[in-house]
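Visitor: Handing you this structure, nothing more for now.
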2 protein chains.
Amino acid sequence: MAGDGSDQRALQYEQTLMYGRYTQELGVYAKEEAARLRESGQRRSVSDRSRTLDLLEYDKGRCAKCRICTVRCQKFLISRVGEDWIFLILLGLLMALVSWVVDFCIAICLQAQKWMYGGLDSNVFLQYLAWVTYPVVLITFSAGFTQILAPQAVGSGIPEMKTILRGVVLKEYLTFKTFVAKVIGLTCALGSGMPLGKEGPFVHIASLCAALLSKFMSLFGGIYENESRNIEMLAAACAVGVGCCFAAPIGGVLFSIEVTSTFFAVRNYWRGFFAATFSAFIFRVLAVWNRDEETITALFKTRFRLDFPFDLQELPAFAVIGIASGFGGALFVYLNRLIVQFIRKQKAINRFLMKKRLLYPALVTLLVSTLTFPPGFGQFMAGKLTQKESLVTLLDNRTWAKQGIAEEFDYIGHSQAWKHPQVNVFVTLVLFIVMKFWMSALATTIPVPCGAFMPVFVIGAAFGRLVGESMAAWFPDGIHTDGTIYPIVPGGYAVVGAAALSGAVTHTVSTAVIVFELTGQISHILPVMIAVILANAVAQSLQPSLYDSIIRIKKLPYLPELGWGHHEKYNIRVEDIMVRDVRYITLNCCYRDLHNVLLTGHLKTLALVESAESMILLGSIERAQLQSLLSQQLGRPRRLEYIRERAVAEKKRLSVSSNQGSEDGSQRVSQEVRFQISTEESTFSPVRPATPKPLKPALKRASVVERPTEIPTSPHDNSGIALKNLFCASPDAEGLEDDRDVEDDMTLREIAEWEEMQLDEQVNFNNCKIDPAPFQLVERTSLHKTHTIFSLLGLDHAYVTSIGRLIGVVSLKELRKAIEGSVTVKGVKVRPPLASFRDSGTSSSENEATELHKLWDRHKSMSLPREHTPSESDEKSQ
Amino acid sequence: MAGDGSDQRALQYEQTLMYGRYTQELGVYAKEEAARLRESGQRRSVSDRSRTLDLLEYDKGRCAKCRICTVRCQKFLISRVGEDWIFLILLGLLMALVSWVVDFCIAICLQAQKWMYGGLDSNVFLQYLAWVTYPVVLITFSAGFTQILAPQAVGSGIPEMKTILRGVVLKEYLTFKTFVAKVIGLTCALGSGMPLGKEGPFVHIASLCAALLSKFMSLFGGIYENESRNIEMLAAACAVGVGCCFAAPIGGVLFSIEVTSTFFAVRNYWRGFFAATFSAFIFRVLAVWNRDEETITALFKTRFRLDFPFDLQELPAFAVIGIASGFGGALFVYLNRLIVQFIRKQKAINRFLMKKRLLYPALVTLLVSTLTFPPGFGQFMAGKLTQKESLVTLLDNRTWAKQGIAEEFDYIGHSQAWKHPQVNVFVTLVLFIVMKFWMSALATTIPVPCGAFMPVFVIGAAFGRLVGESMAAWFPDGIHTDGTIYPIVPGGYAVVGAAALSGAVTHTVSTAVIVFELTGQISHILPVMIAVILANAVAQSLQPSLYDSIIRIKKLPYLPELGWGHHEKYNIRVEDIMVRDVRYITLNCCYRDLHNVLLTGHLKTLALVESAESMILLGSIERAQLQSLLSQQLGRPRRLEYIRERAVAEKKRLSVSSNQGSEDGSQRVSQEVRFQISTEESTFSPVRPATPKPLKPALKRASVVERPTEIPTSPHDNSGIALKNLFCASPDAEGLEDDRDVEDDMTLREIAEWEEMQLDEQVNFNNCKIDPAPFQLVERTSLHKTHTIFSLLGLDHAYVTSIGRLIGVVSLKELRKAIEGSVTVKGVKVRPPLASFRDSGTSSSENEATELHKLWDRHKSMSLPREHTPSESDEKSQ
């Protein structure tokens with residue numbers, strides 16, 4: 001078996017190498033060929049060999065020793081191509097380059113806008129036009145481009161990645177088209193200067209990169225086809241995405257784990273670290289290489305004093321930032337969802353926007369950029385600054401508002417944008433926070449590739465700065481009483497605020513690590529941690545995370561977390577939620593049953609039971625397997641074979657009874673007629689097949705009987721009528737390569753008859769992949785346990801068996817319904833870890849599960865011995 | 001059901017509050033009583049009520065409003081006691097206090113040694129005696145104390161925690177005794193100044209704390225009894241342990257995840273962060289409060305320059321540190337294991353040491369402290385410095401060896417210990433590294449509570465410093481060529497080295513985060529990450545981690561990781577490894593069967609099947625449940641009841657046939673005699689029971705027939721003979737509270753007869769807890785899938801069923817054997833993530849699983865339809 005596998009792999013390898021052949025130098029190629037020749041010399045054909053030897057001649061001049069050495073190295077390298085770390089290095093490298101190029105383009109875009117705005121300073125109206133038109137054009141282009149190329153590229157991508165890592169296959173989310181759309185769309189969207197982020201999209205881009213790279217490298221080795229390995233690589237890719245976006249490897253790994261995983265395999269841990277570190281390293285090296293930096297440093301380096309970063313008595317202020325950020329974060333998620341729902345509900349608006357898809361982005365951009373126009377309202381909210389500049393100034397280690405001595409403050413760099421001649425710096429900050437808050441919530445609803453992390457981060461920093469400046473104004477000489485004066489550092493507050501607000505919106509603690517890596521200083525670790533945890537506690541008890549909220553809005557197939565302390569979870573059993581009407585096939589079924597089952601079910605796999613009476617579960621078969629079984633049975637090759645056999649039988653009969661000439665002659669004529677009909681029927685206008693009766697039973701339970709695909713229109717349509725009903729987009733090219741030695745001379749009626757005959761045959765499962773160990777639950781498995789198992793193993797469905805007999809099936813859908821039905825659904829509540837804050841005082845838990853309890857109570861009176869106190873015992877056994 | 005549960009809980013609460021009653025003020029108590037009265041007024045008995053009302057009188061003077069408010073607060077608080085965050089705060093607080101007190105005591109111990117050593121500077125011999133005796137006494141005390149109180153407290157504790165978190169119950173590892181032994185033993189061990197660490201033990205101590213706290217708090221609420229919750233809390237406790245040890249909350253969480261978990265539930269993430277942050281915060285606040293620090297800062301604060309922490313061209317040096325540390329780490333693990341195995345193998349030494357258990361610690365301590373004696377060899381290896389002082393000096397941001405200008409170096413603080421008048425600082429460093437390396441590996445084998453993290457960390461720092469100093473000597477003006485001179489910072493190299501070596505020994509990446517938190521600077525993030533990852537890659541491909549190595553040495557029940565790329569894992573099936581001879585009980589079995597099964601099996605749970613013929617699996621029952629069933633059946637209460645019934649029947653018979661006087665009289669006499677025998681038999685010398693025959697069948701399959709416990713020696717021994725065989729340490733006090741209205745007048749023979757009768761009755765499972773959904777596998781489940789499921793769900797065993805019929809059982813043992821049998825066992829290899837480095841060139845994978853392949857091939861020819869290419873299909877379905 002193993003030998004076969006390696007042969008097959010070698011073959012595949014040989015086939016696929018052809019693609020990359022002419023991109024290499026001929027000499028290298030010759031050496032490769034030599035190496036391959038040595039390995040698989042016996043199996044090669046003579047013609048191949050002579051060609052290779054010709055090429056080897058080319059290499060004759062070099063010394064033989066060196067060549068052997070090279071060959072060995074080559075061999076070694078090729079054997080290493082399949083290694084994870086090579087994949088991870090490539091991924092890191094690629095993503096660092098992408099990140100850097102995107103950043104570079106965004107910087108150019110933003111500079112161009114500034115340059116235009118600066119050049120037109122003679123006329124305010126022209127200035128306004130330039131300031132507004134530029135982002136509107138970019139955003140509209142981004143929205144249009146994404147819409148046309150790959151609508152899947154819209155938005156953050158983290159919710160989708162969360163769903164994909166859960167094991168759900170989302171179509172088209174990991175294609176090259178999406179990659180292009182996402183990268184270009186993101187660059188344009190961020191280049192417009194709107195309050196959008198690049199983090200979420202980068203998680204998606206990195207995953208795209210990993211998927212494409214994996215596909216590319218599977219051309220070289222076999223292990224890239226393993227699905228679980230792909231999931232592992234996607235998890236690493238998410239870490240790379242965050243890591244190369246912020247040059248924050250550790251934070252990237254942790255953040256990606258927190259936002260995308262439910263259960264994390266520690267054995268994958270190093271992958272994320274490895275790839276993210278490499279990526280962040282290359283990303284920063286590129287900056288050094290481009291002379292932006294002298295050496296590798298943090299992205300937003302701060303220079304707070306090390307000796308006495310903060311006083312213990314400042315901690316309450318940090319805690320206040322944390323709690324306020326918690327409420328702010330929840331509000332942001334709520335606002336974001338409100339906007340989406342508002343636009344969806346207003347049908348008139350919705351219909352209009354649906355028609356003019358690009359109008360909504362343009363309008364939003366117009367509104368936002370009008371308000372930030374620097375000579376206009378923008379002067380009161382530092383509208384001139386880009387997101388990056390805002391952040392740099394907010395993290396500044398100087399104090400802006402020294403009471404009384406505000407004049408001494410020297411306006412260097414961008415910091416002056418915060419200081420308006422007439423208006424206090426506090427007013428500017430407050431305006432900035434308020435305006436940016438709703439602007440960001442609004443802007444993230446635009447259908448372009450964009451994230452919300454960075455805008456929220458900046459708002460948080462501004463809020464922290466506001467508190468910090470207030471503290472500095474309140475205690476001009478610092479709080480410490482023991483002689484030495486340690487003035488308060490508002491920049492430190494900005495760091496705390498940024499971590500807290502972004503943590504609250506995303507429901508993560510790792511934003512704390514991200515800020516340390518972004519600022520290059522860890523001195524504020526305890527304030528940051530305290531604020532982030534408080535913010536999380538508050539935000540999690542009020543709203544789901546932004547990503548979970550989007551999952552809900554987009555109705556992605558995701559399993560919500562179980563609520564806490566809902567003890568009825570232990571009392572709900574699988575038997576209460578399972579679907580009892582399971583689609584199954586029996587071991588001795590005929591193809592007609594297969595056909596019927598395939599037309600009705602919706603699950604990806606079907607249960608295989610011993611017989612309809614015993615219902616003993618033997619395994620599960622994928623739908624695709626059954627479809628191919630059916631298509632084999634009803635396909636053109638088989639029919640041609642049948643015709644051939646019939647012809648042979650005919651001939652034999654003819655040779656035996658050659659004296660019956662008259663009959664034979666008439667039959668031959670009829671055959672010829674049949675042949676004519678079958679070839680010319682394609683030119684006919686669509687005609688209902690003449691034999692609806694035999695088809696009917698085959699489609700008994702289906703609601704799709706009246707589908708137009710049923711009607712043959714293409715020349716190959718006679719390759720199967722019943723089959724057509726199954727494959728709407730059937731492989732039309734299938735019949736083309738058939739051996740043409742037998743002529744397909746059957747009429748539609750004959751085909752139908754033949755198919756009827758075929759359908760009555762018993763299914764031969766010999767060439768069919770059967771999963772012999774599908775996941776089984778027992779009817780009394782608790783909901784809690786079921787949920788854990790589903791999320792741990794990433795199951796899509798599980799069969800419920802009772803002493804071996806299949807009695808039901810539970811899929812994600814039922815589970816989700818059961819969970820949502822029992823958790824108090826009040827607005828959107830997906831993940832309430834600190835749910836106790838919310839549930840205090842209410843005793844809703846008893847009413848919710850009444851229906852299920854009834855069911856359960858009914859079963860309690862069964863004859864089998866059971867646990868004496870179900871709730872207690874389950875608590876212990878869990 | 002839910003109502004019943006809360007009632008029960010309230011009852012429990014009421015009972016348990018009694019313990020804490022008199023520690024509260026009487027007024028507070030009265031208020032509590034009032035609150036309780038309001039809640040459960042109806043259910044109280046009159047006598048209770050009057051007493052409470054008396055107490056309420058005491059509180060009359062205060063205003064009613066205030067009282068109501070207090071009552072409400074009280075109610076609220078009590079309802080909150082069960083919350084996780086209260087538990088975590090308590091845990092954090094407790095651990096911070098423990099950590100601080102331990103640190104404080106260690107500091108005092110070390111100071112005392114220094115003071116003694118310093119005071120005796122007139123006589124070198126006396127000095128030596130003081131220097132050596134002190135640690136020997138402390139270590140010997142620590143070893144003896146631990147040995148006597150709780151031998152489980154020996155060693156690091158991380159391997160044990162890893163095993164416990166895996167779901168295995170290790171006896172006595174989480175008791176109060178162990179806690180005391182660990183804390184006191186650790187303090188003494190570290191106070192001796194030996195190269196030992198406190199990290200590992202602190203993980204254990206925190207877990208102990210959590211377990212004890214959980215037990216304590218379960219007195220108040222119900223949820224503390226949930227087992228899965230306990231596991232979650234233990235995971236959080238591990239984070240707290242590391243966090244409060246180093247004041248490193250983030251690193252603590254990550255490190256604890258890496259060293260203790262296989263799969264990590266992200267929903268528990270915040271728990272660790274919350275508790276560890278709180279703990280680290282309190283730990284550092286205690287230092288501020290104690291005037292050690294001005295404000296909250298890092299433990300080993302560094303002061304490297306921020307602008308230009310390192311040059312890009314220094315990166316190769318960092319990479320070299322990483323790779324060398326990888327080899328060093330592997331060597332350390334190897335050395336440590338070698339020492340243990342050497343001592344185990346040398347039987348003469350071993351026997352001697354077994355007798356004098358305290359000799360080995362004393363000898364090792366004597367050797368180590370002799371070598372570090374400062375006026376002796378210690379002067380060449382900075383022997384004067386404690387571990388903490390060494391680390392502080394190694395992380396110093398000044399350069400020690402400026403070529404040529406070494407004289408200018410001002411000797412402040414402890415740094416001068418590194419500078420010997422005759423010897424170069426390089427020599428000192430090399431000697432320090434070499435000596436400390438083997439000393440640490442040796443010292444960690446001493447049977448005292450101790451960890452290896454800190455010693456390794458210090459050695460790594462010294463190694464980094466060595467490289468850094470060399471670089472500084474090599475490039476006195478720094479490497480950077482663009483005008484400005486940025487001299488090399490050897491302290492940065494020390495940070496990198498520390499992280500790399502400790503990462504290599506423990507196989508973790510999170511040591512990087514720990515060093516940032518320890519030093520309070522994150523500027524060297526990229527070098528540290530690169531070095532740590534390289535060190536991990538090298539070390540993981542050479543040796544298991546220190547903890548896995550200890551797990552192997554101690555033979556703890558832990559499931560090793562699956563190797564990589566071993567595709568035969570997909571071909572080995574459960575049917576190849578399962579135990580086919582399953583111990584089971586049938587639904588209609590009698591107590592004798594129960595008894596027999598209990599005597600033979602070893603698993604914690606037993607399968608319950610419908611009947612021996614059908615073998616249909618119905619569920620599993622815990623061994624303890626069955627034992628209690630049996631003890632109920634054979635117990636004294638039941639026997640007394642039997643006697644009572646018999647007496648009643650006798651009486652009836654007497655009243656009916658009162659004329660048969662003579663017979664009755666003789667019977668009464670015999671009864672009296674029996675009575676005398678049964679009460680006085682305790683004074684007899686041990687006598688074999690006169691009825692060995694009826695006992696024999698009950699013990700048919702047992703090898704324990706000849707156990708001395710069989711012989712009745714105590715007055716209560718007649719409470720059950722067959723039962724005694726089951727419970728070696730049976731609850732002797734059981735029969736004491738029995739109702740004394742019936743006199744136990746049965747002879748041993750009668751008891752045995754009665755027991756025989758009882759054993760033949762059919763088992764009544766009604767009061768027995770049955771797990772209706774034990775984990776089931778199918779015979780063709782692959783080893784890979786089985787391993788994943790076992791480690792994900794923390795299973796101990798799983799039943800193998802074939803169409804509902806129980807055909808086998810797989811426990812951890814079989815799984816471990818199967819894995820170890822197929823992975824090339826060469827030395828100890830537990831977890832080879834980068835195993836490719838090792839396996840290159842060998843194609844052993846095909847030979848290893850021959851036996852299993854044969855088995856599998858045999859099954860391949862079965863009649864059921866199967867997958868067409870097993871290896872390929874499984875790869876896809878996985």
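Each chain in the structure tokens gets a letter, A, B and so on, in the order shown; residues start at 1 in every chain, and ligands are counted from 1 in the order they appear.
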If you count only C-alpha atoms, which residues fall within 8 Å of segment 265-271 of chain A, apart from same-chain ones fewer than 2 positions away, as an mmCIF file with all heavy atoms, in the first residue's frame?

Guide:
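Result file is out-v1.cif:
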data_model
loop_
_atom_site.group_PDB
_atom_site.id
_atom_site.type_symbol
_atom_site.label_atom_id
_atom_site.label_comp_id
_atom_site.auth_asym_id
_atom_site.auth_seq_id
_atom_site.Cartn_x
_atom_site.Cartn_y
_atom_site.Cartn_z
ATOM 1 N N TRP A 85 8.354 24.036 7.666
ATOM 2 C CA TRP A 85 9.044 25.304 7.920
ATOM 3 C C TRP A 85 9.373 26.024 6.629
ATOM 4 O O TRP A 85 9.423 27.254 6.585
ATOM 5 C CB TRP A 85 10.271 25.112 8.803
ATOM 6 C CG TRP A 85 11.304 24.164 8.303
ATOM 7 C CD1 TRP A 85 11.322 22.818 8.476
ATOM 8 C CD2 TRP A 85 12.464 24.489 7.552
ATOM 9 N NE1 TRP A 85 12.425 22.280 7.881
ATOM 10 C CE2 TRP A 85 13.149 23.283 7.309
ATOM 11 C CE3 TRP A 85 12.998 25.679 7.078
ATOM 12 C CZ2 TRP A 85 14.343 23.224 6.601
ATOM 13 C CZ3 TRP A 85 14.187 25.631 6.384
ATOM 14 C CH2 TRP A 85 14.842 24.415 6.143
ATOM 15 N N LEU A 88 6.262 27.789 5.820
ATOM 16 C CA LEU A 88 6.032 28.930 6.704
ATOM 17 C C LEU A 88 6.946 30.092 6.353
ATOM 18 O O LEU A 88 6.549 31.253 6.403
ATOM 19 C CB LEU A 88 6.220 28.490 8.161
ATOM 20 C CG LEU A 88 5.175 27.493 8.658
ATOM 21 C CD1 LEU A 88 5.537 26.963 10.025
ATOM 22 C CD2 LEU A 88 3.802 28.132 8.696
ATOM 23 N N GLU A 232 -4.340 23.689 9.884
ATOM 24 C CA GLU A 232 -3.219 24.129 10.720
ATOM 25 C C GLU A 232 -2.490 25.291 10.067
ATOM 26 O O GLU A 232 -2.094 26.256 10.713
ATOM 27 C CB GLU A 232 -2.241 22.963 10.923
ATOM 28 C CG GLU A 232 -2.732 21.948 11.941
ATOM 29 C CD GLU A 232 -1.870 20.706 11.962
ATOM 30 O OE1 GLU A 232 -0.870 20.657 11.218
ATOM 31 O OE2 GLU A 232 -2.195 19.781 12.723
ATOM 32 N N MET A 233 -2.286 25.163 8.767
ATOM 33 C CA MET A 233 -1.568 26.215 8.065
ATOM 34 C C MET A 233 -2.383 27.507 8.015
ATOM 35 O O MET A 233 -1.836 28.594 8.083
ATOM 36 C CB MET A 233 -1.249 25.742 6.642
ATOM 37 C CG MET A 233 -0.135 24.733 6.605
ATOM 38 S SD MET A 233 1.336 25.404 7.408
ATOM 39 C CE MET A 233 2.207 23.907 7.767
ATOM 40 N N ALA A 236 -1.901 29.244 11.226
ATOM 41 C CA ALA A 236 -0.619 29.944 11.240
ATOM 42 C C ALA A 236 -0.701 31.195 10.384
ATOM 43 O O ALA A 236 -0.146 32.246 10.736
ATOM 44 C CB ALA A 236 0.483 29.021 10.740
ATOM 45 N N PHE A 263 -10.932 25.964 20.152
ATOM 46 C CA PHE A 263 -9.960 25.132 20.851
ATOM 47 C C PHE A 263 -8.670 25.209 20.069
ATOM 48 O O PHE A 263 -8.676 25.119 18.844
ATOM 49 C CB PHE A 263 -10.440 23.684 20.938
ATOM 50 C CG PHE A 263 -11.477 23.502 21.974
ATOM 51 C CD1 PHE A 263 -12.806 23.656 21.665
ATOM 52 C CD2 PHE A 263 -11.123 23.200 23.265
ATOM 53 C CE1 PHE A 263 -13.775 23.505 22.639
ATOM 54 C CE2 PHE A 263 -12.078 23.035 24.236
ATOM 55 C CZ PHE A 263 -13.402 23.190 23.926
ATOM 56 N N PHE A 273 4.196 31.161 15.663
ATOM 57 C CA PHE A 273 5.302 32.003 16.119
ATOM 58 C C PHE A 273 6.391 32.096 15.061
ATOM 59 O O PHE A 273 6.907 33.171 14.777
ATOM 60 C CB PHE A 273 5.894 31.441 17.418
ATOM 61 C CG PHE A 273 5.235 31.994 18.628
ATOM 62 C CD1 PHE A 273 4.339 31.251 19.358
ATOM 63 C CD2 PHE A 273 5.501 33.285 19.036
ATOM 64 C CE1 PHE A 273 3.715 31.767 20.463
ATOM 65 C CE2 PHE A 273 4.899 33.814 20.141
ATOM 66 C CZ PHE A 273 3.998 33.047 20.858
ATOM 67 N N PHE A 274 6.702 30.959 14.521
ATOM 68 C CA PHE A 274 7.768 30.913 13.530
ATOM 69 C C PHE A 274 7.443 31.806 12.341
ATOM 70 O O PHE A 274 8.217 32.706 11.986
ATOM 71 C CB PHE A 274 7.941 29.455 13.078
ATOM 72 C CG PHE A 274 9.029 29.237 12.086
ATOM 73 C CD1 PHE A 274 10.354 29.317 12.464
ATOM 74 C CD2 PHE A 274 8.723 28.950 10.776
ATOM 75 C CE1 PHE A 274 11.353 29.112 11.542
ATOM 76 C CE2 PHE A 274 9.720 28.742 9.843
ATOM 77 C CZ PHE A 274 11.043 28.827 10.231
ATOM 78 N N ALA A 275 6.267 31.581 11.766
ATOM 79 C CA ALA A 275 5.911 32.328 10.563
ATOM 80 C C ALA A 275 5.732 33.808 10.862
ATOM 81 O O ALA A 275 6.206 34.667 10.103
ATOM 82 C CB ALA A 275 4.639 31.740 9.961
ATOM 83 N N ILE B 257 0.251 27.455 29.413
ATOM 84 C CA ILE B 257 -0.463 26.756 28.339
ATOM 85 C C ILE B 257 0.499 25.821 27.623
ATOM 86 O O ILE B 257 0.197 24.656 27.367
ATOM 87 C CB ILE B 257 -1.066 27.765 27.342
ATOM 88 C CG1 ILE B 257 -2.220 28.518 27.973
ATOM 89 C CG2 ILE B 257 -1.543 27.042 26.074
ATOM 90 C CD1 ILE B 257 -2.776 29.602 27.094
ATOM 91 N N GLU B 258 1.671 26.340 27.321
ATOM 92 C CA GLU B 258 2.602 25.535 26.530
ATOM 93 C C GLU B 258 3.067 24.296 27.281
ATOM 94 O O GLU B 258 3.219 23.231 26.684
ATOM 95 C CB GLU B 258 3.818 26.381 26.131
ATOM 96 C CG GLU B 258 3.559 27.245 24.935
ATOM 97 C CD GLU B 258 4.852 27.790 24.373
ATOM 98 O OE1 GLU B 258 5.301 28.845 24.855
ATOM 99 O OE2 GLU B 258 5.429 27.167 23.473
ATOM 100 N N SER B 261 -0.735 22.071 28.529
ATOM 101 C CA SER B 261 -1.913 21.710 27.738
ATOM 102 C C SER B 261 -1.540 21.054 26.427
ATOM 103 O O SER B 261 -0.446 21.239 25.905
ATOM 104 C CB SER B 261 -2.753 22.946 27.439
ATOM 105 O OG SER B 261 -3.055 23.630 28.606
ATOM 106 N N THR B 262 -2.482 20.309 25.885
ATOM 107 C CA THR B 262 -2.356 19.792 24.529
ATOM 108 C C THR B 262 -3.317 20.558 23.631
ATOM 109 O O THR B 262 -2.939 21.085 22.595
ATOM 110 C CB THR B 262 -2.698 18.303 24.492
ATOM 111 O OG1 THR B 262 -2.075 17.670 25.590
ATOM 112 C CG2 THR B 262 -2.238 17.684 23.217
ATOM 113 N N PHE B 263 -4.551 20.643 24.094
ATOM 114 C CA PHE B 263 -5.529 21.473 23.413
ATOM 115 C C PHE B 263 -6.013 22.500 24.404
ATOM 116 O O PHE B 263 -6.289 22.175 25.549
ATOM 117 C CB PHE B 263 -6.694 20.633 22.905
ATOM 118 C CG PHE B 263 -6.340 19.862 21.688
ATOM 119 C CD1 PHE B 263 -5.793 18.605 21.790
ATOM 120 C CD2 PHE B 263 -6.525 20.411 20.439
ATOM 121 C CE1 PHE B 263 -5.450 17.895 20.660
ATOM 122 C CE2 PHE B 263 -6.188 19.710 19.310
ATOM 123 C CZ PHE B 263 -5.642 18.451 19.418
ATOM 124 N N PHE B 264 -6.112 23.707 23.958
ATOM 125 C CA PHE B 264 -6.464 24.761 24.880
ATOM 126 C C PHE B 264 -7.776 25.396 24.465
ATOM 127 O O PHE B 264 -7.959 25.776 23.317
ATOM 128 C CB PHE B 264 -5.361 25.811 24.904
ATOM 129 C CG PHE B 264 -5.588 26.825 25.964
ATOM 130 C CD1 PHE B 264 -5.377 26.480 27.280
ATOM 131 C CD2 PHE B 264 -6.044 28.091 25.671
ATOM 132 C CE1 PHE B 264 -5.624 27.392 28.274
ATOM 133 C CE2 PHE B 264 -6.284 28.997 26.666
ATOM 134 C CZ PHE B 264 -6.073 28.656 27.970
ATOM 135 N N VAL B 509 8.055 28.721 23.512
ATOM 136 C CA VAL B 509 8.410 29.989 22.875
ATOM 137 C C VAL B 509 8.086 31.146 23.795
ATOM 138 O O VAL B 509 8.591 32.250 23.621
ATOM 139 C CB VAL B 509 7.649 30.191 21.551
ATOM 140 C CG1 VAL B 509 8.591 30.628 20.465
ATOM 141 C CG2 VAL B 509 6.911 28.960 21.121
ATOM 142 N N ILE B 533 13.169 30.664 18.741
ATOM 143 C CA ILE B 533 12.627 29.726 17.752
ATOM 144 C C ILE B 533 13.719 28.785 17.263
ATOM 145 O O ILE B 533 13.500 27.569 17.147
ATOM 146 C CB ILE B 533 11.969 30.499 16.597
ATOM 147 C CG1 ILE B 533 10.646 31.089 17.080
ATOM 148 C CG2 ILE B 533 11.730 29.598 15.404
ATOM 149 C CD1 ILE B 533 9.998 32.001 16.101
ATOM 150 N N PRO B 833 8.238 17.856 17.139
ATOM 151 C CA PRO B 833 7.580 18.654 16.116
ATOM 152 C C PRO B 833 8.453 18.893 14.890
ATOM 153 O O PRO B 833 7.953 18.981 13.791
ATOM 154 C CB PRO B 833 7.272 19.953 16.816
ATOM 155 C CG PRO B 833 7.283 19.634 18.244
ATOM 156 C CD PRO B 833 8.301 18.552 18.406
#

Visitor: Using backbone DSSP assignments, extract all helix (DSSP H, G or I) residues from segment 242-375 of chain A; output them as an MDAnalysis selection string.

Guide: chainID A and resid 242:246 249:260 266:289 312:345 347:355 359:371

Visitor: Hey, what does DSSP flag as strand (DSSP E or B) within segment 431-654 of chain A? Can you give it to me as a list in words?

Guide: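 DSSP on the backbone gives strand (DSSP E or B) at Gly451, Gln521, Arg573, Val579, Tyr584, Ile585, Thr586, Cys590, Thr605, Leu606, Ala607, Leu608, Val609, Ile616, Leu617, Leu618, Gly619, Ser620, Ile621 and Glu622 of chain A.
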
Visitor: Need the shell around Gly464 of chain B: protein/DNA/RNA residues with any atom at most 10 Å away, counting only C-alpha atoms. Skip same-chain ones fewer than 4 positions apart. Format as a list in words?

Guide: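 Everything that qualifies: Ala317, Phe318, Val320, Ile321, Gly322, Ser325, Leu394, Leu395, Val458, Ile459, Gly460, Gly468, Glu469, Ser470, Pro490, Gly491, Gly492, Tyr493, Ala494, Val495, Val496, Gly497, Ala498, Ala499, Ala500 and Leu501 of chain B.
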
Visitor: So how far away is atom CA of Pro637 of chain A from atom CA of Glu755 of chain A, in Å?

Guide: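 So the two atoms, atom CA of Glu755 of chain A and atom CA of Pro637 of chain A, lie 13.0 Å apart.
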
Visitor: Which neighbours of segment 97-104 of chain B fall inside 7 Å, counting only C-alpha atoms, when residues of the same chain fewer than 5 positions from it are skipped, and could you give them as a ChimeraX atom specification?

Guide: /B:187,244-245,283

Visitor: Using only C-alpha atoms, which residues sit within 12 Å of Ile551 of chain A once same-chain residues fewer than 6 positions away are excluded, as an MDAnalysis selection string?

Guide: chainID A and resid 155:164 259:260 337 544:545 557:560 828:830

Visitor: Which residue, A:Ile616, A:Leu299, A:Val203, A:Val648, has the smallest gap to chain B when you use only C-alpha atoms?

Guide: A:Ile616

Visitor: Quick one: residues within 12 Å of Leu94 of chain B, only C-alpha atoms counted, chain neighbours fewer than 2 positions away excluded, as number ranges by chain?

Guide: B: 87-92, 96-101, 205-210, 212-213, 237, 240-241, 244, 275-276, 278-280, 282-283
